[in-house]
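Undergrad: protein-v2.txt is the file, holding compact mmCIF, C-alpha atoms:
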```
# COMPACT_ATOMS: atom_id res chain seq x y z
CA MET G 1 -80.79 149.84 77.29
CA VAL G 2 -81.33 153.54 76.70
CA LYS G 3 -81.37 155.56 79.89
CA ARG G 4 -82.43 159.20 80.11
CA VAL G 5 -80.97 161.40 82.81
CA LEU G 6 -83.07 164.52 82.84
CA LEU G 7 -81.08 166.84 85.08
CA ALA G 8 -78.14 166.61 87.43
CA LEU G 9 -79.19 165.98 91.03
CA ILE G 10 -77.24 168.93 92.33
CA GLY G 11 -79.06 171.32 90.03
CA LEU G 12 -82.42 169.87 90.95
CA MET G 13 -81.93 170.26 94.68
CA THR G 14 -81.98 174.06 94.28
CA PHE G 15 -84.82 174.10 91.75
CA SER G 16 -88.35 174.97 92.80
CA ALA G 17 -90.80 172.10 92.70
CA HIS G 18 -93.45 174.38 91.25
CA ALA G 19 -94.96 172.96 88.10
CA VAL G 20 -96.58 174.48 85.05
CA VAL G 21 -99.78 172.96 83.70
CA ILE G 22 -100.00 173.17 79.90
CA LEU G 23 -103.54 172.77 78.59
CA GLN G 24 -104.22 171.35 75.13
CA TYR G 25 -107.40 172.19 73.22
CA HIS G 26 -108.60 171.56 69.67
CA HIS G 27 -112.17 172.76 69.05
CA VAL G 28 -114.26 175.17 71.11
CA SER G 29 -117.65 174.37 69.63
CA GLU G 30 -120.92 172.53 70.16
CA THR G 31 -120.96 171.04 66.66
CA THR G 32 -117.52 169.42 66.37
CA PRO G 33 -116.57 165.90 67.56
CA ALA G 34 -116.92 165.64 71.33
CA ALA G 35 -113.66 163.70 71.67
CA THR G 36 -111.68 166.78 70.62
CA SER G 37 -114.03 169.56 71.74
CA VAL G 38 -115.13 171.70 74.63
CA THR G 39 -118.30 173.72 74.36
CA PRO G 40 -118.11 177.52 74.49
CA ALA G 41 -119.84 177.40 77.88
CA GLN G 42 -117.29 174.92 79.24
CA PHE G 43 -114.39 176.97 77.90
CA ARG G 44 -115.70 180.19 79.47
CA GLU G 45 -116.25 178.41 82.77
CA GLN G 46 -112.68 177.11 82.72
CA MET G 47 -111.17 180.50 81.93
CA GLN G 48 -113.33 182.11 84.63
CA PHE G 49 -112.05 179.55 87.14
CA LEU G 50 -108.44 180.34 86.24
CA ALA G 51 -109.09 184.03 86.76
CA ASP G 52 -111.10 183.65 89.97
CA ASP G 53 -108.73 181.15 91.60
CA GLY G 54 -105.61 183.24 91.03
CA PHE G 55 -103.89 181.25 88.28
CA LYS G 56 -101.22 183.04 86.30
CA VAL G 57 -101.58 182.36 82.57
CA ILE G 58 -98.35 183.02 80.69
CA PRO G 59 -97.12 182.40 77.14
CA LEU G 60 -95.81 178.91 76.45
CA SER G 61 -92.57 180.43 75.18
CA GLN G 62 -92.03 181.91 78.64
CA VAL G 63 -92.60 178.50 80.23
CA VAL G 64 -90.06 176.93 77.91
CA GLU G 65 -87.48 179.62 78.61
CA ALA G 66 -87.92 179.24 82.36
CA ILE G 67 -87.39 175.48 82.17
CA LYS G 68 -84.35 175.96 79.96
CA GLN G 69 -82.80 178.54 82.28
CA LYS G 70 -83.87 176.77 85.50
CA GLN G 71 -85.79 179.86 86.51
CA ASP G 72 -88.47 179.73 89.15
CA LEU G 73 -92.09 180.23 88.16
CA PRO G 74 -94.94 180.99 90.57
CA ALA G 75 -97.21 178.23 91.78
CA LYS G 76 -100.49 177.98 89.87
CA THR G 77 -98.90 178.86 86.52
CA VAL G 78 -100.73 177.74 83.36
CA ALA G 79 -100.06 177.88 79.61
CA ILE G 80 -102.89 177.46 77.08
CA THR G 81 -102.37 175.77 73.71
CA PHE G 82 -104.52 174.84 70.71
CA ASP G 83 -103.63 172.28 68.05
CA ASP G 84 -104.48 172.53 64.35
CA GLY G 85 -105.81 176.09 64.02
CA TYR G 86 -109.52 175.44 63.75
CA ARG G 87 -111.70 178.45 62.98
CA SER G 88 -113.67 178.06 66.22
CA ILE G 89 -110.57 179.28 68.03
CA ALA G 90 -110.77 182.60 66.18
CA THR G 91 -114.52 182.99 66.42
CA THR G 92 -115.18 181.61 69.90
CA ALA G 93 -112.09 180.98 72.03
CA HIS G 94 -110.10 184.07 71.09
CA PRO G 95 -112.73 186.63 72.21
CA ILE G 96 -112.99 184.87 75.59
CA LEU G 97 -109.22 184.73 76.01
CA LYS G 98 -108.93 188.37 74.99
CA GLU G 99 -111.57 189.29 77.57
CA PHE G 100 -109.50 187.66 80.32
CA GLY G 101 -106.19 188.90 78.95
CA PHE G 102 -104.84 185.36 78.59
CA PRO G 103 -102.05 184.67 76.06
CA TYR G 104 -102.03 181.36 74.20
CA THR G 105 -100.21 179.34 71.54
CA LEU G 106 -101.67 178.05 68.27
CA PHE G 107 -99.92 175.07 66.68
CA VAL G 108 -100.68 175.02 62.97
CA ALA G 109 -99.87 172.84 59.97
CA ILE G 110 -99.22 174.55 56.64
CA GLU G 111 -100.92 172.29 54.10
CA PRO G 112 -104.47 172.76 55.49
CA ILE G 113 -103.97 176.53 55.31
CA LYS G 114 -102.68 176.35 51.73
CA GLN G 115 -105.57 174.09 50.75
CA LYS G 116 -108.03 176.54 52.37
CA PHE G 117 -109.84 173.86 54.35
CA THR G 118 -113.10 175.39 55.49
CA GLU G 119 -112.64 174.48 59.16
CA MET G 120 -109.17 175.99 59.31
CA MET G 121 -108.09 179.58 59.77
CA THR G 122 -106.49 181.52 56.94
CA TRP G 123 -103.15 183.26 57.18
CA ASP G 124 -104.97 186.59 57.50
CA GLU G 125 -106.90 185.29 60.50
CA LEU G 126 -103.77 183.85 62.08
CA ILE G 127 -101.89 187.11 61.57
CA THR G 128 -104.73 189.02 63.23
CA LEU G 129 -104.69 186.68 66.22
CA SER G 130 -100.91 186.92 66.46
CA LYS G 131 -101.26 190.66 66.92
CA GLU G 132 -103.78 190.15 69.71
CA GLY G 133 -102.04 187.72 72.05
CA ALA G 134 -101.56 184.46 70.17
CA ASP G 135 -98.20 182.86 69.43
CA ILE G 136 -98.14 180.80 66.22
CA ALA G 137 -96.04 177.64 66.34
CA ASN G 138 -95.16 174.45 64.47
CA HIS G 139 -97.47 171.44 64.00
CA SER G 140 -95.62 169.95 60.98
CA TRP G 141 -96.27 170.67 57.31
CA ALA G 142 -99.36 168.50 56.78
CA HIS G 143 -100.09 167.03 60.22
CA GLU G 144 -98.24 163.82 59.38
CA HIS G 145 -97.48 160.81 61.55
CA LEU G 146 -93.87 161.94 61.83
CA ILE G 147 -92.38 158.65 63.03
CA ARG G 148 -93.71 156.63 60.09
CA ALA G 149 -91.26 155.98 57.29
CA LEU G 150 -92.50 155.79 53.72
CA GLU G 151 -92.33 152.52 51.79
CA ASN G 152 -88.71 151.58 51.01
CA GLU G 153 -87.46 154.69 52.86
CA SER G 154 -84.26 154.21 54.86
CA GLN G 155 -83.79 155.60 58.36
CA ALA G 156 -81.48 158.30 57.01
CA GLN G 157 -83.94 159.24 54.26
CA TRP G 158 -86.81 159.38 56.75
CA LEU G 159 -84.88 161.66 59.09
CA THR G 160 -83.84 163.97 56.25
CA ARG G 161 -87.44 164.24 55.08
CA ILE G 162 -88.79 164.98 58.55
CA LYS G 163 -86.10 167.55 59.25
CA ALA G 164 -87.03 169.39 56.04
CA ASN G 165 -90.71 169.12 56.97
CA ILE G 166 -90.17 170.82 60.34
CA LEU G 167 -87.77 173.48 59.08
CA ASP G 168 -89.99 174.34 56.10
CA THR G 169 -92.99 174.67 58.42
CA GLU G 170 -91.06 176.95 60.76
CA LYS G 171 -89.98 179.14 57.85
CA ALA G 172 -93.54 179.40 56.49
CA ILE G 173 -94.80 180.53 59.90
CA ALA G 174 -91.99 183.02 60.29
CA ASP G 175 -92.52 184.42 56.80
CA ALA G 176 -96.26 184.91 57.41
CA THR G 177 -96.35 186.04 61.04
CA GLY G 178 -92.81 186.86 62.12
CA HIS G 179 -93.05 184.18 64.81
CA ASN G 180 -90.14 181.78 65.09
CA PHE G 181 -90.43 180.08 68.48
CA LYS G 182 -89.04 176.70 67.42
CA MET G 183 -91.77 174.93 69.39
CA LEU G 184 -93.27 171.82 67.82
CA ALA G 185 -96.45 170.03 68.89
CA TYR G 186 -96.15 166.45 67.69
CA PRO G 187 -99.14 165.50 65.50
CA TYR G 188 -101.07 162.74 67.29
CA GLY G 189 -98.55 163.06 70.12
CA GLU G 190 -96.23 160.60 68.33
CA TYR G 191 -92.45 160.85 68.57
CA ASN G 192 -89.38 158.69 68.95
CA GLN G 193 -85.81 159.12 70.16
CA ALA G 194 -84.35 159.81 66.71
CA LEU G 195 -86.88 162.59 66.14
CA GLN G 196 -86.16 164.05 69.57
CA ASP G 197 -82.42 164.05 68.90
CA MET G 198 -82.90 165.80 65.54
CA LEU G 199 -85.08 168.48 67.13
CA THR G 200 -82.52 169.09 69.88
CA GLU G 201 -79.75 169.45 67.31
CA ASN G 202 -81.82 172.07 65.50
CA GLY G 203 -82.77 174.06 68.58
CA PHE G 204 -86.40 172.95 68.91
CA VAL G 205 -88.49 172.05 71.92
CA ALA G 206 -91.51 169.80 71.47
CA LEU G 207 -94.77 168.94 73.18
CA GLY G 208 -96.61 165.66 73.30
CA GLN G 209 -100.14 164.70 74.24
CA GLN G 210 -99.26 162.69 77.32
CA SER G 211 -100.63 163.96 80.62
CA GLY G 212 -98.67 165.59 83.39
CA ALA G 213 -97.36 168.87 84.70
CA ALA G 214 -94.27 170.34 83.05
CA GLY G 215 -91.27 171.53 84.99
CA PRO G 216 -87.57 171.01 85.73
CA TYR G 217 -87.85 167.22 85.39
CA SER G 218 -89.52 167.33 81.96
CA PRO G 219 -87.51 166.60 78.78
CA LEU G 220 -87.64 169.62 76.50
CA THR G 221 -88.53 167.46 73.51
CA ALA G 222 -91.41 165.68 75.28
CA LEU G 223 -93.15 168.31 77.38
CA PRO G 224 -96.46 166.98 78.74
CA ARG G 225 -99.86 168.60 78.28
CA PHE G 226 -103.29 167.89 79.67
CA PRO G 227 -105.83 167.37 76.85
CA VAL G 228 -109.11 169.16 77.61
CA ALA G 229 -111.94 167.60 75.62
CA GLY G 230 -114.61 164.91 75.68
CA GLN G 231 -114.76 163.13 79.02
CA TYR G 232 -112.01 165.42 80.31
CA ALA G 233 -113.80 168.65 79.40
CA ASP G 234 -115.76 169.24 82.61
CA LEU G 235 -114.36 171.64 85.20
CA LYS G 236 -114.34 169.06 87.99
CA SER G 237 -111.96 166.87 86.00
CA LEU G 238 -109.80 169.84 85.08
CA LYS G 239 -109.43 171.19 88.62
CA ALA G 240 -107.45 168.18 89.83
CA LYS G 241 -105.06 168.51 86.89
CA LEU G 242 -104.54 172.24 87.43
CA TYR G 243 -103.03 171.46 90.83
CA SER G 244 -100.82 168.62 89.60
CA LEU G 245 -97.08 168.60 90.25
CA ASN G 246 -94.07 167.79 88.08
CA MET G 247 -93.13 164.18 88.88
CA PRO G 248 -89.44 164.24 89.96
CA VAL G 249 -88.17 161.70 87.42
CA ILE G 250 -84.37 161.54 87.66
CA ALA G 251 -83.99 158.75 85.10
CA GLN G 252 -86.09 156.30 83.14
CA SER G 253 -85.58 153.36 80.84
CA PRO G 254 -86.73 153.13 78.14
CA SER G 255 -87.63 156.69 77.20
CA ASP G 256 -88.28 156.04 73.50
CA PRO G 257 -92.06 155.66 72.99
CA GLU G 258 -91.74 153.72 69.71
CA LEU G 259 -92.04 149.99 70.32
CA LYS G 260 -90.39 147.55 67.93
CA GLY G 261 -89.69 143.89 67.37
CA GLY G 262 -92.69 142.43 69.12
CA HIS G 263 -91.86 144.03 72.47
CA TRP G 264 -95.45 144.98 73.13
CA ARG G 265 -95.28 144.79 76.95
CA PRO G 266 -92.57 147.34 77.73
CA GLU G 267 -91.12 147.29 81.21
CA LEU G 268 -90.69 150.88 82.35
CA LYS G 269 -88.10 151.61 85.03
CA VAL G 270 -88.25 154.99 86.73
CA THR G 271 -85.94 156.58 89.28
CA LEU G 272 -87.49 159.33 91.42
CA ASP G 273 -86.34 161.97 93.84
CA MET G 274 -88.29 160.63 96.83
CA SER G 275 -87.96 163.75 99.00
CA ASP G 276 -91.70 164.51 98.84
CA ILE G 277 -93.08 161.11 97.82
CA SER G 278 -93.97 157.96 99.74
CA ALA G 279 -93.24 154.77 97.79
CA LYS G 280 -96.36 153.04 99.06
CA GLN G 281 -98.54 155.80 97.58
CA VAL G 282 -97.20 155.60 94.02
CA MET G 283 -99.80 154.07 91.73
CA CYS G 284 -99.62 153.45 87.99
CA TYR G 285 -102.32 152.93 85.39
CA ILE G 286 -101.96 150.96 82.19
CA GLN G 287 -104.24 152.38 79.51
CA GLY G 288 -106.95 149.84 78.80
CA GLN G 289 -105.75 147.50 81.58
CA GLY G 290 -106.43 149.43 84.78
CA SER G 291 -104.36 150.21 87.86
CA LYS G 292 -101.04 148.55 88.53
CA GLN G 293 -98.96 148.62 91.71
CA PRO G 294 -95.33 149.32 90.73
CA THR G 295 -92.54 146.99 91.79
CA TRP G 296 -89.85 148.78 93.78
CA LEU G 297 -86.34 147.78 92.75
CA SER G 298 -84.65 150.03 95.29
CA GLU G 299 -85.60 152.90 97.60
CA THR G 300 -85.81 155.24 94.61
CA GLU G 301 -86.42 153.06 91.51
CA PHE G 302 -89.57 151.24 90.51
CA SER G 303 -90.70 149.25 87.49
CA VAL G 304 -94.11 148.78 85.92
CA GLN G 305 -95.16 146.54 83.04
CA ALA G 306 -98.42 145.78 81.28
CA ASP G 307 -99.89 142.33 81.89
CA LEU G 308 -101.16 142.12 78.32
CA ALA G 309 -99.67 143.26 75.02
CA LEU G 310 -100.42 146.89 74.28
CA PRO G 311 -102.68 147.30 71.23
CA ALA G 312 -101.41 148.61 67.91
CA GLY G 313 -101.56 152.40 67.97
CA ARG G 314 -101.05 154.68 70.97
CA SER G 315 -101.07 153.74 74.65
CA ARG G 316 -99.78 155.17 77.92
CA TYR G 317 -98.52 154.26 81.35
CA ASN G 318 -99.60 156.93 83.87
CA CYS G 319 -98.13 157.10 87.36
CA THR G 320 -99.21 159.40 90.18
CA ALA G 321 -98.33 160.04 93.81
CA PRO G 322 -99.64 162.54 96.36
CA SER G 323 -97.26 165.12 97.72
CA LYS G 324 -96.34 164.65 101.37
CA ALA G 325 -95.93 168.38 101.96
CA ARG G 326 -98.65 170.12 99.91
CA ASN G 327 -101.93 169.63 98.14
CA GLY G 328 -101.77 167.99 94.75
CA TYR G 329 -100.51 164.90 92.99
CA TYR G 330 -97.28 164.32 91.15
CA TRP G 331 -98.19 163.08 87.69
CA PHE G 332 -96.10 161.32 85.07
CA SER G 333 -97.18 159.77 81.78
CA GLN G 334 -95.10 157.67 79.40
CA PRO G 335 -96.57 157.37 75.90
CA TRP G 336 -96.11 154.30 73.70
CA VAL G 337 -96.80 153.79 70.01
CA ARG G 338 -96.55 150.44 68.24
CA PRO G 339 -97.23 149.08 64.76
CA LYS G 340 -99.25 145.99 63.98
CA ASP G 341 -97.55 142.62 64.18
CA ASP G 342 -96.79 142.77 60.45
CA GLY G 343 -95.05 146.15 60.84
CA SER G 344 -97.83 148.20 59.24
CA TRP G 345 -99.49 151.06 61.08
CA VAL G 346 -103.02 151.57 62.29
CA ARG G 347 -104.89 153.82 59.83
CA GLU G 348 -106.11 157.12 61.34
```
Represent the structure from my file as structure tokens, please.
TA:
Amino acid sequence: MVKRVLLALIGLMTFSAHAVVILQYHHVSETTPAATSVTPAQFREQMQFLADDGFKVIPLSQVVEAIKQKQDLPAKTVAITFDDGYRSIATTAHPILKEFGFPYTLFVAIEPIKQKFTEMMTWDELITLSKEGADIANHSWAHEHLIRALENESQAQWLTRIKANILDTEKAIADATGHNFKMLAYPYGEYNQALQDMLTENGFVALGQQSGAAGPYSPLTALPRFPVAGQYADLKSLKAKLYSLNMPVIAQSPSDPELKGGHWRPELKVTLDMSDISAKQVMCYIQGQGSKQPTWLSETEFSVQADLALPAGRSRYNCTAPSKARNGYYWFSQPWVRPKDDGSWVRE
């Protein structure tokens, strides 16, 4: 059983519990799919709230460096990210962000730029934004499902291909913009342990699409973000997330999101630092199956398991707990991704 120890307990005891909320956007538009969009009015309202309520918006690269170096960050710190590089970011979001003086990160894939897709920004547009407060970072070469091997492709061949994909993308971004942050946003939020290990070996950090606040307990190759779109686009929904805390996960098993061999009801075991958490207030939620009271295995370790098989595709277990000492909820999300019973993948 794979077990992930995030940080040594001694180091954590001296580390601030302050968390960083990383926001994930796609479109800022009234005409794009609601599931991946916020309207310009919603986006302005959200940025205005950050400014009015005293949030500190800093570059994602600064967040990453602070977590790496175990440096303290102020409470109410936020990083803003956009996936894919849609043109509405240049035409609508960027002017608003520039008005507020907020830095942000754009994760882009190379193939859509090369193909000059009409919805996507050009290199010239990206270069202009990079000179005005945007960091340009890696979203794979063609927005692939990175964990999916090709037909008759061995594990070694798959890993070699994906490594080249990520390194080639990083080089293309560096050649065009001079930016070389080695930050990858997983397309579709999909990753597995082998991919994480390869990224670590090559000096990358990576971000998923699972919810939660980032901080000292977050793995650097699976940093959480809060998606802001669709039913989660309104300010009321966002406010609760902006005050979320980094769940103090000391260890978990399994940590690999990719499910195999018919194990479609994964049992997740999590060990927490319980200094600021009451066991009876921890609650988990199985995507598509509702709330689930965890089973406590000891004073610090609990387990949670779906009652029904998770569907083919992507799912999550989310666990939250209120802080005993401050306002806000600790928030942890474990993503899962599984193929169909015959080993093929859901088409998306």
Undergrad: May I ask which of the residues G:Asp256, G:Asp84, G:Asp52, G:Glu151 is the closest one to Trp345 (chain G), counting all atoms listed in the file?
TA: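 Residue with the minimum atom-to-atom distance to Trp345 (chain G): G:Glu151.
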Undergrad: Between G:Pro187, G:Gly343, G:Pro74, G:Pro335, which is the closest to His139 (chain G) once you count only C-alpha atoms?
TA: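 Ranking G:Pro187, G:Gly343, G:Pro74, G:Pro335 by distance to His139 (chain G), first place goes to G:Pro187.
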Undergrad: With only C-alpha atoms as the atoms that count, which of G:Gln209, G:Thr118, G:Ser298, G:Thr221 lies nearest to Arg316 (chain G)?
TA: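 Under the stated criterion, the closest residue is G:Gln209.
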Undergrad: Would you work out the distance separating CA of Gln69 (chain G) from CA of Thr200 (chain G), expressed in Å to one decimal?
TA: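 Separating CA of Gln69 (chain G) from CA of Thr200 (chain G) is a distance of 15.6 Å.
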Undergrad: Using all atoms listed in the file, find all polymer residues with an atom at most 8 Å away from the point (-88.3, 159.2, 90.3); report them as a list in words.
TA: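 Returned residue set, sorted by chain then number, is Met247, Pro248, Val249, Ile250, Ala251, Val270, Thr271, Leu272, Asp273, Met274, Thr300 and Glu301 of chain G.
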Undergrad: For the atom pair CA of Ala164 (chain G) and CA of Glu119 (chain G), what is the interatomic distance in Å to one decimal place?
TA: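 These atoms are spaced 26.3 Å apart.
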Undergrad: Which of these residues is nearest to Asn180 (chain G), using all atoms listed in the file: G:Leu106, G:Ile136, G:Ala222, G:Pro40?
TA: G:Ile136
Undergrad: Would you kindly return, as a VMD selection string, each protein, DNA or RNA residue with an atom no farther than 12 Å from any atom of Tyr285 (chain G), considering all atoms listed in the file and excluding same-chain residues fewer than 5 positions away?
TA: chain G and resid 290 to 294 304 to 307 315 to 321 331 to 335
Undergrad: Quick one: of G:Ala35, G:Ala19, G:Leu146, G:Ile162, who's nearest to Ala229 (chain G), counting all atoms listed in the file?
TA: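 Selected residue with least distance to Ala229 (chain G): G:Ala35.
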Undergrad: Name the closest residue to Val78 (chain G) among the candidates G:Ala176, G:Met120, G:Val20, G:Ile127; distances are taken between atoms, counting all atoms listed in the file.
TA: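 Selected residue with least distance to Val78 (chain G): G:Val20.
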Undergrad: CA of His143 (chain G) and CA of Asn165 (chain G) are how many Å apart?
TA: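 We find that CA of His143 (chain G) and CA of Asn165 (chain G) lie 10.1 Å from each other.
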Undergrad: Residues of region 123-203 of chain G that approach region 211-219 of chain G to 12 Å or less, counting all atoms listed in the file: could you list each one with the shortest pair of atoms and its distance in Å to one decimal, rows by chain and increasing residue number, as JSON lines?
TA:
```
{"residue": "G:Gly189", "atom": "CA", "partner": "G:Ser211", "partner_atom": "CA", "distance": 10.7}
{"residue": "G:Gln193", "atom": "CA", "partner": "G:Pro219", "partner_atom": "CA", "distance": 11.5}
{"residue": "G:Gln196", "atom": "CA", "partner": "G:Pro219", "partner_atom": "CA", "distance": 9.7}
{"residue": "G:Asp197", "atom": "CA", "partner": "G:Pro219", "partner_atom": "CA", "distance": 11.4}
{"residue": "G:Thr200", "atom": "CA", "partner": "G:Pro219", "partner_atom": "CA", "distance": 10.5}
```
Undergrad: For the selection just defined, write its residues with C-alpha atoms to a file, as a short mmCIF file (atom, residue, chain, number, x, y, z; two decimals), keeping the file's coordinate frame.
TA:
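Saved file part.cif follows:
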```
data_model
loop_
_atom_site.label_atom_id
_atom_site.label_comp_id
_atom_site.auth_asym_id
_atom_site.auth_seq_id
_atom_site.Cartn_x
_atom_site.Cartn_y
_atom_site.Cartn_z
CA GLY G 189 -98.55 163.06 70.12
CA GLN G 193 -85.81 159.12 70.16
CA GLN G 196 -86.16 164.05 69.57
CA ASP G 197 -82.42 164.05 68.90
CA THR G 200 -82.52 169.09 69.88
#
```
Undergrad: When you look at Pro103 (chain G) with a cut-off of 6 Å (counting all atoms listed in the file), what residues show up, excluding the ones that are within fewer than 3 positions of it in the same chain? I need them as a ChimeraX atom specification.
TA: /G:59,133-134
